[in-house]
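A.B. asks: One structure, pasted below without further comment.
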Amino acid sequence: MLNVIEPGLETSIQELPGRVGYWEQGFPVSGPMDFWSFKLANLLVGNAAETAGFECQLKGPKIKFEQPAVIAITRCDMTPKIDGVSIPSWTSVAIKAGQTLELGYAINGLRAYIAISGGIDTPPVLGSRATFHMAGVGGVEGYAIKADQKIPIGISKGKAGITVLQASRLPDLNSKIWEIEAVPGPDDDWIDAEGHKIFLSSDWQLLAQSNRTGFRLEGPDVSFTEKAMNKRPEHGSDPSNILDHGYPLGAVNLAGLTPIILVNDSPSTGGFINPYTVPSAAFWKLAQARPNDTFRFKSISVEKAQRRRQEIDDLCTTASLITASI
């Protein structure tokens, strides 16, 4: 059992593959935004890569363990400590009953992940423990964790002293400029050649009005094709309006003239065009970007996006683990 002393900022329970099969009923997949870091954290403590763990945003929690466990923390540096003593990230660490784990503010990046041997054992809702805040489902009572909550965990079978090969970890997070891969479509024919040029050659600022539903961007106006300017009235009056249709995860949703990247808790349908889609292989970048960071989009093919996802999946295996040197 875990006892939440301080919850941090929007620390939530997430799980892979998320809440699959309920999108048409208004429940998105949710799950961890940076699946790469999440999977490796779980593997470090001997869990299956998909096991429920914590996603920490900007500031981590302070949690007292009421039973022994093995933990691992991956991705951005939140200066993790056990009873005030610093512990390494990307390495499995034993924690005793009665000890307290504390994470501070993120030094770089935005999100860190905590895996616990045996996993978090809250009841699944609609097939998943993943938290979907907007509907209040999954996690603990449907929302980010709160002080004084008790959170059940499984029986520890993990081993301390396991680390991730440097080559299998995510790249450093020292830049505030991100190259974000984007696949053209599904509505790329609603943007003209000049509009595509503007989208791919401009700097886009990530706004603070962003969350796990959508990443709102600020930048120049794009231009549209004749198809978008002269259309039947049922498509709507704005050039970016279209008959309601399905939104892929990662869609760059052009809401009016504001691009919004639809991420883990996003809606499944709507009436705006999506000229580009950010593939899942680039989601770790979205997860770690901070407000006011700059996005520069790079057009890639579906095939290249699929190859990159396969490369990441190949890194998220026990072959990426070694015994840490003392």
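Please note that chains go A, B, ... in the order of the structure tokens, that every chain numbers its residues from 1, and that ligands are numbered from 1 in the order shown.
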Using only C-alpha atoms, which residues sit within 9 Å of A:Lys176 once same-chain residues fewer than 5 positions away are excluded, as an NGL selection string?

C.D. replies: :A and (289-290 or 292-295)

A.B. asks: Do you know which residues are at most 10 Å from A:Pro186 counting only C-alpha atoms, after dropping those on the same chain fewer than 4 positions away, and could you put them as a list in words?

C.D. replies: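 My list of contacting residues is Trp190, Gly246, Tyr247, Pro248, Ala251, Val252, Ile273, Asn274, Pro275, Tyr276 and Thr277 of chain A.
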
A.B. asks: Generate the output file for the selected residues, all heavy atoms, as a CSV table (one decimal), in the first residue's frame.

C.D. replies:
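Ended up saving to again17.csv:
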```
chain,number,residue,atom,x,y,z
A,190,TRP,N,-6.7,20.1,-48.2
A,190,TRP,CA,-7.5,21.3,-47.9
A,190,TRP,C,-6.5,22.5,-47.7
A,190,TRP,O,-6.9,23.6,-47.6
A,190,TRP,CB,-8.3,21.1,-46.7
A,190,TRP,CG,-9.6,20.3,-46.9
A,190,TRP,CD1,-9.6,19.0,-47.3
A,190,TRP,CD2,-10.9,20.7,-46.7
A,190,TRP,NE1,-10.9,18.5,-47.4
A,190,TRP,CE2,-11.7,19.6,-47.1
A,190,TRP,CE3,-11.5,21.9,-46.3
A,190,TRP,CZ2,-13.1,19.6,-47.0
A,190,TRP,CZ3,-12.9,21.9,-46.3
A,190,TRP,CH2,-13.7,20.8,-46.6
A,246,GLY,N,-13.8,11.4,-38.3
A,246,GLY,CA,-12.9,10.8,-37.3
A,246,GLY,C,-11.6,11.6,-37.2
A,246,GLY,O,-11.0,12.0,-38.3
A,247,TYR,N,-11.1,11.7,-36.0
A,247,TYR,CA,-9.8,12.3,-35.8
A,247,TYR,C,-8.8,11.2,-35.4
A,247,TYR,O,-9.0,10.5,-34.4
A,247,TYR,CB,-9.8,13.3,-34.6
A,247,TYR,CG,-10.6,14.6,-34.9
A,247,TYR,CD1,-11.0,15.4,-33.8
A,247,TYR,CD2,-10.8,15.1,-36.2
A,247,TYR,CE1,-11.6,16.6,-34.0
A,247,TYR,CE2,-11.5,16.3,-36.4
A,247,TYR,CZ,-11.9,17.0,-35.3
A,247,TYR,OH,-12.5,18.2,-35.5
A,248,PRO,N,-7.7,11.1,-36.1
A,248,PRO,CA,-6.6,10.2,-35.6
A,248,PRO,C,-5.9,10.7,-34.4
A,248,PRO,O,-5.8,11.9,-34.3
A,248,PRO,CB,-5.7,10.0,-36.8
A,248,PRO,CG,-5.9,11.3,-37.6
A,248,PRO,CD,-7.3,11.8,-37.4
A,251,ALA,N,-3.5,13.9,-34.5
A,251,ALA,CA,-3.9,14.8,-35.6
A,251,ALA,C,-3.5,16.3,-35.2
A,251,ALA,O,-3.7,16.7,-34.1
A,251,ALA,CB,-5.4,14.7,-35.8
A,252,VAL,N,-3.0,17.0,-36.2
A,252,VAL,CA,-2.8,18.5,-36.1
A,252,VAL,C,-4.2,19.1,-36.5
A,252,VAL,O,-4.4,19.3,-37.7
A,252,VAL,CB,-1.7,19.0,-36.9
A,252,VAL,CG1,-1.5,20.5,-36.7
A,252,VAL,CG2,-0.4,18.2,-36.6
A,273,ILE,N,-10.5,20.3,-40.0
A,273,ILE,CA,-9.6,19.5,-40.8
A,273,ILE,C,-8.3,19.2,-40.0
A,273,ILE,O,-8.0,19.9,-39.1
A,273,ILE,CB,-9.3,20.2,-42.1
A,273,ILE,CG1,-8.5,21.6,-41.9
A,273,ILE,CG2,-10.5,20.5,-43.0
A,273,ILE,CD1,-7.9,22.2,-43.1
A,274,ASN,N,-7.7,18.1,-40.5
A,274,ASN,CA,-6.4,17.7,-39.9
A,274,ASN,C,-5.4,17.5,-41.0
A,274,ASN,O,-5.3,16.4,-41.6
A,274,ASN,CB,-6.6,16.4,-39.1
A,274,ASN,CG,-7.7,16.5,-38.1
A,274,ASN,OD1,-7.6,17.1,-37.1
A,274,ASN,ND2,-8.9,15.9,-38.3
A,275,PRO,N,-4.7,18.5,-41.4
A,275,PRO,CA,-3.8,18.4,-42.5
A,275,PRO,C,-2.6,17.6,-42.3
A,275,PRO,O,-2.0,17.1,-43.3
A,275,PRO,CB,-3.4,19.9,-42.8
A,275,PRO,CG,-3.6,20.6,-41.6
A,275,PRO,CD,-4.8,19.9,-40.9
A,276,TYR,N,-2.2,17.4,-41.0
A,276,TYR,CA,-1.0,16.5,-40.7
A,276,TYR,C,-1.4,15.7,-39.5
A,276,TYR,O,-2.3,16.1,-38.7
A,276,TYR,CB,0.2,17.4,-40.4
A,276,TYR,CG,0.8,18.0,-41.7
A,276,TYR,CD1,0.4,19.2,-42.2
A,276,TYR,CD2,1.9,17.3,-42.3
A,276,TYR,CE1,1.0,19.7,-43.3
A,276,TYR,CE2,2.4,17.8,-43.5
A,276,TYR,CZ,2.0,19.0,-44.0
A,276,TYR,OH,2.6,19.5,-45.1
A,277,THR,N,-0.6,14.7,-39.3
A,277,THR,CA,-0.7,13.8,-38.1
A,277,THR,C,0.6,13.5,-37.5
A,277,THR,O,1.5,13.1,-38.2
A,277,THR,CB,-1.5,12.5,-38.4
A,277,THR,OG1,-2.8,12.8,-38.9
A,277,THR,CG2,-1.6,11.6,-37.1
```

A.B. asks: Tell me which of A:Asp313, A:Glu234, A:Glu50, A:Asp34 sits closest to A:Gly18, counting only C-alpha atoms.

C.D. replies: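 Answer, going by the shortest atom-to-atom distance: A:Glu50.
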
A.B. asks: One number please: atom CA of A:Gly127 to atom CA of A:Tyr22, in Å, one decimal.

C.D. replies: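 Atom CA of A:Gly127 sits 9.5 Å away from atom CA of A:Tyr22.
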
A.B. asks: Take atom CA of A:Arg111 and atom CA of A:Leu254 and report the distance between them in Å, one decimal.

C.D. replies: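 Atom CA of A:Arg111 sits 26.0 Å away from atom CA of A:Leu254.
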
A.B. asks: Would you kindly return, as an MDAnalysis selection string, each protein, DNA or RNA residue with an atom no farther than 12 Å from any atom of A:Arg19, considering only C-alpha atoms and excluding same-chain residues fewer than 3 positions away?

C.D. replies: chainID A and resid 14:16 22:32 124:132 137:139 264:265

A.B. asks: Need the shell around stretch 152-165 of chain A: protein/DNA/RNA residues with any atom at most 8 Å away, counting only C-alpha atoms. Skip same-chain ones fewer than 2 positions apart. Format as a ChimeraX atom specification?

C.D. replies: /A:1-2,40,44-47,68-70,90-94,116-122,150,167-169,320-324

A.B. asks: What's the separation between atom CA of A:Ser12 and atom CA of A:Arg296, in Å to one decimal place?

C.D. replies: 29.0 Å

A.B. asks: Enumerate as a ChimeraX atom specification all residues of stretch 134-298 of chain A assigned to strand (DSSP E) by DSSP on the backbone, naming them with the chain letters and numbers the document uses.

C.D. replies: /A:150-151,162-164,177-184,204-206,214-218,241-246,251-255,258-262,269-277,294-298

A.B. asks: As a PyMOL selection string, please: every residue in stretch 148-212 of chain A that a backbone DSSP assignment puts in alpha helix (DSSP H).

C.D. replies: chain A and resi 193-201

A.B. asks: Could those selected residues go to a file with all heavy atoms, as a PDB file, in the first residue's frame?

C.D. replies:
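After the write, part-v8.pdb holds the following:
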```pdb
ATOM      1  N   ALA A 193      -0.294  24.723 -51.579  1.00  0.00           N
ATOM      2  CA  ALA A 193       1.160  24.565 -51.530  1.00  0.00           C
ATOM      3  C   ALA A 193       1.805  25.595 -50.609  1.00  0.00           C
ATOM      4  O   ALA A 193       2.728  25.281 -49.844  1.00  0.00           O
ATOM      5  CB  ALA A 193       1.739  24.655 -52.937  1.00  0.00           C
ATOM      6  N   GLU A 194       1.327  26.819 -50.668  1.00  0.00           N
ATOM      7  CA  GLU A 194       1.881  27.863 -49.803  1.00  0.00           C
ATOM      8  C   GLU A 194       1.566  27.564 -48.345  1.00  0.00           C
ATOM      9  O   GLU A 194       2.404  27.792 -47.460  1.00  0.00           O
ATOM     10  CB  GLU A 194       1.314  29.228 -50.197  1.00  0.00           C
ATOM     11  CG  GLU A 194       1.836  30.401 -49.363  1.00  0.00           C
ATOM     12  CD  GLU A 194       3.345  30.611 -49.506  1.00  0.00           C
ATOM     13  OE1 GLU A 194       3.931  30.136 -50.500  1.00  0.00           O
ATOM     14  OE2 GLU A 194       3.926  31.261 -48.607  1.00  0.00           O
ATOM     15  N   GLY A 195       0.362  27.038 -48.075  1.00  0.00           N
ATOM     16  CA  GLY A 195      -0.010  26.676 -46.712  1.00  0.00           C
ATOM     17  C   GLY A 195       0.882  25.589 -46.134  1.00  0.00           C
ATOM     18  O   GLY A 195       1.295  25.654 -44.969  1.00  0.00           O
ATOM     19  N   HIS A 196       1.214  24.590 -46.965  1.00  0.00           N
ATOM     20  CA  HIS A 196       2.120  23.531 -46.513  1.00  0.00           C
ATOM     21  C   HIS A 196       3.507  24.093 -46.241  1.00  0.00           C
ATOM     22  O   HIS A 196       4.166  23.722 -45.257  1.00  0.00           O
ATOM     23  CB  HIS A 196       2.193  22.415 -47.554  1.00  0.00           C
ATOM     24  CG  HIS A 196       0.975  21.559 -47.599  1.00  0.00           C
ATOM     25  ND1 HIS A 196       0.677  20.634 -46.613  1.00  0.00           N
ATOM     26  CD2 HIS A 196      -0.040  21.473 -48.504  1.00  0.00           C
ATOM     27  CE1 HIS A 196      -0.456  20.013 -46.912  1.00  0.00           C
ATOM     28  NE2 HIS A 196      -0.916  20.513 -48.051  1.00  0.00           N
ATOM     29  N   LYS A 197       3.939  24.999 -47.098  1.00  0.00           N
ATOM     30  CA  LYS A 197       5.253  25.612 -46.914  1.00  0.00           C
ATOM     31  C   LYS A 197       5.306  26.390 -45.599  1.00  0.00           C
ATOM     32  O   LYS A 197       6.275  26.305 -44.842  1.00  0.00           O
ATOM     33  CB  LYS A 197       5.573  26.529 -48.091  1.00  0.00           C
ATOM     34  CG  LYS A 197       6.932  27.205 -47.999  1.00  0.00           C
ATOM     35  CD  LYS A 197       7.183  28.104 -49.212  1.00  0.00           C
ATOM     36  CE  LYS A 197       8.528  28.822 -49.078  1.00  0.00           C
ATOM     37  NZ  LYS A 197       8.764  29.719 -50.247  1.00  0.00           N
ATOM     38  N   ILE A 198       4.244  27.147 -45.336  1.00  0.00           N
ATOM     39  CA  ILE A 198       4.177  27.916 -44.092  1.00  0.00           C
ATOM     40  C   ILE A 198       4.218  26.977 -42.882  1.00  0.00           C
ATOM     41  O   ILE A 198       4.962  27.202 -41.928  1.00  0.00           O
ATOM     42  CB  ILE A 198       2.901  28.782 -44.068  1.00  0.00           C
ATOM     43  CG1 ILE A 198       2.985  29.903 -45.103  1.00  0.00           C
ATOM     44  CG2 ILE A 198       2.657  29.354 -42.669  1.00  0.00           C
ATOM     45  CD1 ILE A 198       1.688  30.637 -45.323  1.00  0.00           C
ATOM     46  N   PHE A 199       3.426  25.915 -42.941  1.00  0.00           N
ATOM     47  CA  PHE A 199       3.343  24.988 -41.803  1.00  0.00           C
ATOM     48  C   PHE A 199       4.700  24.346 -41.511  1.00  0.00           C
ATOM     49  O   PHE A 199       5.114  24.245 -40.348  1.00  0.00           O
ATOM     50  CB  PHE A 199       2.299  23.907 -42.083  1.00  0.00           C
ATOM     51  CG  PHE A 199       2.148  22.916 -40.962  1.00  0.00           C
ATOM     52  CD1 PHE A 199       1.461  23.245 -39.808  1.00  0.00           C
ATOM     53  CD2 PHE A 199       2.730  21.654 -41.056  1.00  0.00           C
ATOM     54  CE1 PHE A 199       1.342  22.330 -38.767  1.00  0.00           C
ATOM     55  CE2 PHE A 199       2.614  20.740 -40.020  1.00  0.00           C
ATOM     56  CZ  PHE A 199       1.917  21.078 -38.873  1.00  0.00           C
ATOM     57  N   LEU A 200       5.405  23.935 -42.562  1.00  0.00           N
ATOM     58  CA  LEU A 200       6.640  23.180 -42.382  1.00  0.00           C
ATOM     59  C   LEU A 200       7.880  24.063 -42.186  1.00  0.00           C
ATOM     60  O   LEU A 200       8.910  23.575 -41.727  1.00  0.00           O
ATOM     61  CB  LEU A 200       6.864  22.247 -43.572  1.00  0.00           C
ATOM     62  CG  LEU A 200       5.819  21.141 -43.745  1.00  0.00           C
ATOM     63  CD1 LEU A 200       6.020  20.412 -45.060  1.00  0.00           C
ATOM     64  CD2 LEU A 200       5.873  20.160 -42.578  1.00  0.00           C
ATOM     65  N   SER A 201       7.795  25.329 -42.509  1.00  0.00           N
ATOM     66  CA  SER A 201       8.980  26.196 -42.404  1.00  0.00           C
ATOM     67  C   SER A 201       8.900  27.180 -41.248  1.00  0.00           C
ATOM     68  O   SER A 201       9.857  27.922 -41.011  1.00  0.00           O
ATOM     69  CB  SER A 201       9.172  26.972 -43.713  1.00  0.00           C
ATOM     70  OG  SER A 201       8.075  27.854 -43.943  1.00  0.00           O
TER      71      SER A 201
END
```

A.B. asks: Which residue, A:Gly142, A:Gly8, A:Gly104, A:Pro123, has the smallest gap to A:Ser86 when you use only C-alpha atoms?

C.D. replies: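 Among the listed residues, A:Gly104 lies closest to A:Ser86.
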
A.B. asks: Neighbouring residues of A:Ala255 were defined as those with any atom within 12 Å, considering only C-alpha atoms; residues of the same chain fewer than 5 positions away were excluded. Please report them as a list of chain:residue names.

C.D. replies: A:Gly214, A:Phe215, A:Arg216, A:Leu217, A:Glu218, A:Asp221, A:Val222, A:Asp238, A:Pro239, A:Ser240, A:Asn241, A:Ile242, A:Ile260, A:Ile261, A:Leu262, A:Gly270, A:Gly271, A:Phe272, A:Ile273, A:Asn274, A:Pro275

A.B. asks: Nearest to A:Gln166 among A:Gln306, A:Leu315, A:Pro184, A:Asn230, with distances taken over only C-alpha atoms: which residue is it?

C.D. replies: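 When distances to A:Gln166 are compared using only C-alpha atoms, the smallest one comes from A:Leu315.
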
A.B. asks: Rank nothing, just name the residue among A:His235, A:His133, A:Lys285, A:His245 nearest to A:Asn211, using only C-alpha atoms.

C.D. replies: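 Distance minimum relative to A:Asn211 lands on A:His133.
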